[in-house]
Amino acid sequence: MLTGLVAVAGTAAAAGGLIGVEWALITPFAFASLGMFAFASVQARVTEAGLEVSFGPLGWPARRWTAGNIVSARVENRRPAQVGGWGYRLSGLGITVMLRSGECPVIHLRKGPEFAVSIDDAERGAALLNALAAKQQAGA
């Protein structure tokens, strides 16, 4: 939020003639604000097709895993210090989307590292993913 305020204040000051237009100063703050806005929220959906995790208010970008790629899911209590901080993190625990501390469904995949996301009702998410994985394995 602070980066957005700096970008807006710089643009307003330039438009008002208080400073010269310093695009080299304003542009990085504007891009940083857009990046934070795009990743400030996360939504996870489990469907028959698999798992979809989308970011930001527009639901873009999104990551998808097919039902055939999901082996199992469990719930872990994760903290930012364990995964390297807040945000989209790659660590020894796999990939974690950490927007808050607490319970995360951790998805064990056939291909690729484990994936965890901090969401409400992690138990239900893991149970739905396990049911989807079991259904997929029974049909295979």
# chains A, B, ... in the order shown; residues from 1 in each chain; ligands from 1
$ residues_around --residues "segment 126-139 of chain A" --least-positions-apart "6" --cutoff "6 Å" --atoms "only C-alpha atoms" --output "PyMOL selection string"
chain A and resi 70-74+105
$ atom_distance --atom1 "atom CA of Leu109 of chain A" --atom2 "atom CA of Asn77 of chain A"
19.0 Å
$ closest_residue --among "A:Gly85, A:Val53, A:Val46, A:Ala40" --to "Ala116 of chain A" --atoms "only C-alpha atoms"
A:Val53
$ residues_around --residues "Val97 of chain A" --least-positions-apart "3" --cutoff "7 Å" --atoms "only C-alpha atoms" --output "list in words"
Gly87, Tyr88, Arg89, Ala116, Val117 and Ser118 of chain A
$ write_last_selection --atoms "C-alpha atoms" --output "mmCIF file, in the first residue's frame"
data_model
loop_
_atom_site.group_PDB
_atom_site.id
_atom_site.type_symbol
_atom_site.label_atom_id
_atom_site.label_comp_id
_atom_site.auth_asym_id
_atom_site.auth_seq_id
_atom_site.Cartn_x
_atom_site.Cartn_y
_atom_site.Cartn_z
ATOM 1 C CA GLY A 87 3.945 -14.633 -0.429
ATOM 2 C CA TYR A 88 4.685 -17.300 -3.035
ATOM 3 C CA ARG A 89 7.637 -19.226 -1.604
ATOM 4 C CA ALA A 116 0.654 -25.749 0.248
ATOM 5 C CA VAL A 117 -1.624 -22.723 0.500
ATOM 6 C CA SER A 118 -2.849 -20.856 3.565
#
$ select_by_dssp --residues "segment 41-139 of chain A" --states "alpha helix (DSSP H)" --output "count of residues only"
22
$ closest_residue --among "A:Ala30, A:Ala81, A:Met98, A:Cys104" --to "Val42 of chain A" --atoms "only C-alpha atoms"
A:Met98
$ select_by_dssp --residues "segment 33-137 of chain A" --states "strand (DSSP E)" --output "ChimeraX atom specification"
/A:42-47,50-55,62-66,70-78,87-91,94-98,102-109,115-117
$ residues_around --residues "Glu103 of chain A" --least-positions-apart "2" --cutoff "9 Å" --atoms "only C-alpha atoms" --output "list in words"
Val75, Glu76, Asn77, Arg78, Arg79, Ser101, Pro105, Val117, Ser118, Ile119, Asp120, Asp121, Ala122 and Glu123 of chain A
